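Reading through the structure tokens given below for one structure.
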Amino acid sequence: MSALAHAIAGEEAAIYAYGLAGARLASTDRDRALGGLAAHRARLLQLRELAGTSALPGAPGGYDVAPPADEPQARALLADVESRLAATYADLAAATSGDERVNAALAACECEVRAIGWGGEPEAFPGR
Amino acid sequence: MGNPAPDSPSSISRRAALAIIVGAGVAACTPAGEPSPDASSTSDTDALTRSDVAAQEWMLVAMYDAAIAAQPSKVDELTSLRDQHIEHAQALGSAAPGGSASPVSAAPDRAQLVAAELQASRDRVTACSRAAQPDLARLLALIGASEAGHAAFLKDGAP
């Protein structure tokens with residue numbers, strides 16, 4: 001799978017994870033969750049455009065991910081997804097150039113900021 | 001948002017599944033970046049980028065040292081961030097600060113650390129965009145993300 005296909009799959013997984021986690025988050029985290037979800041949707045559209053329809057991977061049939069049982073698990077799930085997606089975007093930066101690379105590097109930054117927002121620990125090399 | 005598969009209760013399987021879905025990462029992913037046409041000059045440029053960014057990382061380490069000295073109550077939190085900048089410098093190939101590392105004149109406060117991390121993150125994205133070698137681009141993207149995360153962490157925490 002190409003770095004771009006990985007990033008698309010990662011964004012789809014992140015959107016799925018926000019859906020799973022949303023039910024368990026505190027109401028005070030609602031804005032943060034909606035903001036994260038909107039950001040991932042926008043990035044996914046951007047990546048799909050970049051890929052062109054012919055290069056789209058098959059739609060995922062579902063993920064083997066247990067729904068979080070409580071709020072700490074929901075936050076941990078999102079922190080984990082965001083930090084891993086930051087690493088996926090770093091791979092995309094490596095595989096691209098010009099504006100596409102800048103966008104991928106910025107997306108990696110945004111993912112890591114959200115990971116910290118969900119309570120993730122700072123990392124020297126996010127998702128690695 | 002369909003229902004998740006039944007019988008996937010453990011957090012280990014969740015992490016494993018996410019690792020596959022989201023983090024498939026370096027090993028599985030062949031960098032598609034085209035090799036540079038002029039290998040010698042681009043590797044010179046990349047070597048310069050590495051040493052420049054490493055020098056900036058050592059300056060951040062010095063900033064944290066000054067902040068830690070001025071705020072001993074925050075030593076654990078600040079030391080962990082400081083150590084990550086050392087990891088950044090080492091990953092760029094710099095084992096120790098250069099001899100000309102200038103001491104930080106005054107201890108930075110939290111807002112100054114946030115500003116320095118944000119500036120560093122922006123600078124890493126710029127350096128990433130100029131890297132010839134895909135591996136260096138990946139490393140700089142990761143370092144930039146780490147530093148954006150540092151800024152968010154410092155902003156979230158109590159002053």
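Starting from 1 in every chain, residues are counted up; chains themselves are A, B, ... following the order of the structure tokens, and ligands are numbered from 1 as listed.
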
Item to complete: Please identify all polymer residues within 7 Å of segment 78-91 of chain A, counting only C-alpha atoms, omitting same-chain residues fewer than 2 positions from it, and present them as number ranges by chain.
Response: A: 3, 6-7, 10, 14, 17-18, 74-76, 93-95, 104-105, 107-109, 111-112, 114-116, 118-120, 126-128; B: 22-23, 25-26, 138, 141-142

For C-alpha atoms, I'd like the residues from the last selection saved as an mmCIF file, in the first residue's frame.
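Contents of the output file part_29.cif:
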data_model
loop_
_atom_site.group_PDB
_atom_site.id
_atom_site.type_symbol
_atom_site.label_atom_id
_atom_site.label_comp_id
_atom_site.auth_asym_id
_atom_site.auth_seq_id
_atom_site.Cartn_x
_atom_site.Cartn_y
_atom_site.Cartn_z
ATOM 1 C CA ALA A 3 1.919 6.131 1.816
ATOM 2 C CA HIS A 6 -2.040 4.443 4.319
ATOM 3 C CA ALA A 7 -2.938 8.025 5.182
ATOM 4 C CA GLY A 10 -5.624 6.147 8.778
ATOM 5 C CA ALA A 14 -9.574 8.003 13.014
ATOM 6 C CA ALA A 17 -12.496 5.918 16.416
ATOM 7 C CA TYR A 18 -14.043 9.333 17.122
ATOM 8 C CA ALA A 74 -12.120 6.844 25.165
ATOM 9 C CA ARG A 75 -9.477 9.548 25.641
ATOM 10 C CA ALA A 76 -6.681 6.987 25.495
ATOM 11 C CA ALA A 93 5.768 13.645 3.916
ATOM 12 C CA ALA A 94 8.663 11.360 3.026
ATOM 13 C CA ALA A 95 6.831 10.083 -0.053
ATOM 14 C CA ALA A 104 1.488 16.193 5.256
ATOM 15 C CA ALA A 105 3.995 17.657 7.751
ATOM 16 C CA ALA A 107 -1.161 17.356 9.345
ATOM 17 C CA ALA A 108 1.355 15.391 11.438
ATOM 18 C CA CYS A 109 1.719 18.414 13.747
ATOM 19 C CA CYS A 111 -2.504 15.100 14.911
ATOM 20 C CA GLU A 112 0.141 15.255 17.635
ATOM 21 C CA ARG A 114 -4.740 16.559 19.331
ATOM 22 C CA ALA A 115 -3.020 13.510 20.834
ATOM 23 C CA ILE A 116 -1.693 15.741 23.632
ATOM 24 C CA TRP A 118 -6.579 13.823 24.677
ATOM 25 C CA GLY A 119 -4.013 13.280 27.383
ATOM 26 C CA GLY A 120 -1.234 11.598 25.421
ATOM 27 C CA PRO A 126 5.188 10.554 17.672
ATOM 28 C CA GLY A 127 3.671 7.180 16.967
ATOM 29 C CA ARG A 128 7.029 5.446 16.802
ATOM 30 C CA VAL B 22 -3.429 3.440 11.399
ATOM 31 C CA GLY B 23 0.202 2.945 12.108
ATOM 32 C CA GLY B 25 4.216 2.831 9.228
ATOM 33 C CA VAL B 26 7.757 2.829 8.039
ATOM 34 C CA ARG B 138 10.197 11.892 7.566
ATOM 35 C CA ALA B 141 8.081 15.878 10.054
ATOM 36 C CA LEU B 142 8.194 13.731 13.207
#

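Interatomic distance, atom CA of Leu4 of chain A to atom CA of Leu47 of chain A: 7.3 Å.
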
Worksheet item: Can you tell me, as a PyMOL selection string, what residues are no more than 12 Å from segment 60-70 of chain B when counting only C-alpha atoms, ignoring any on the same chain fewer than 2 positions away?
Response: chain B and resi 53-58+72-89+96-97+101-121+147+150
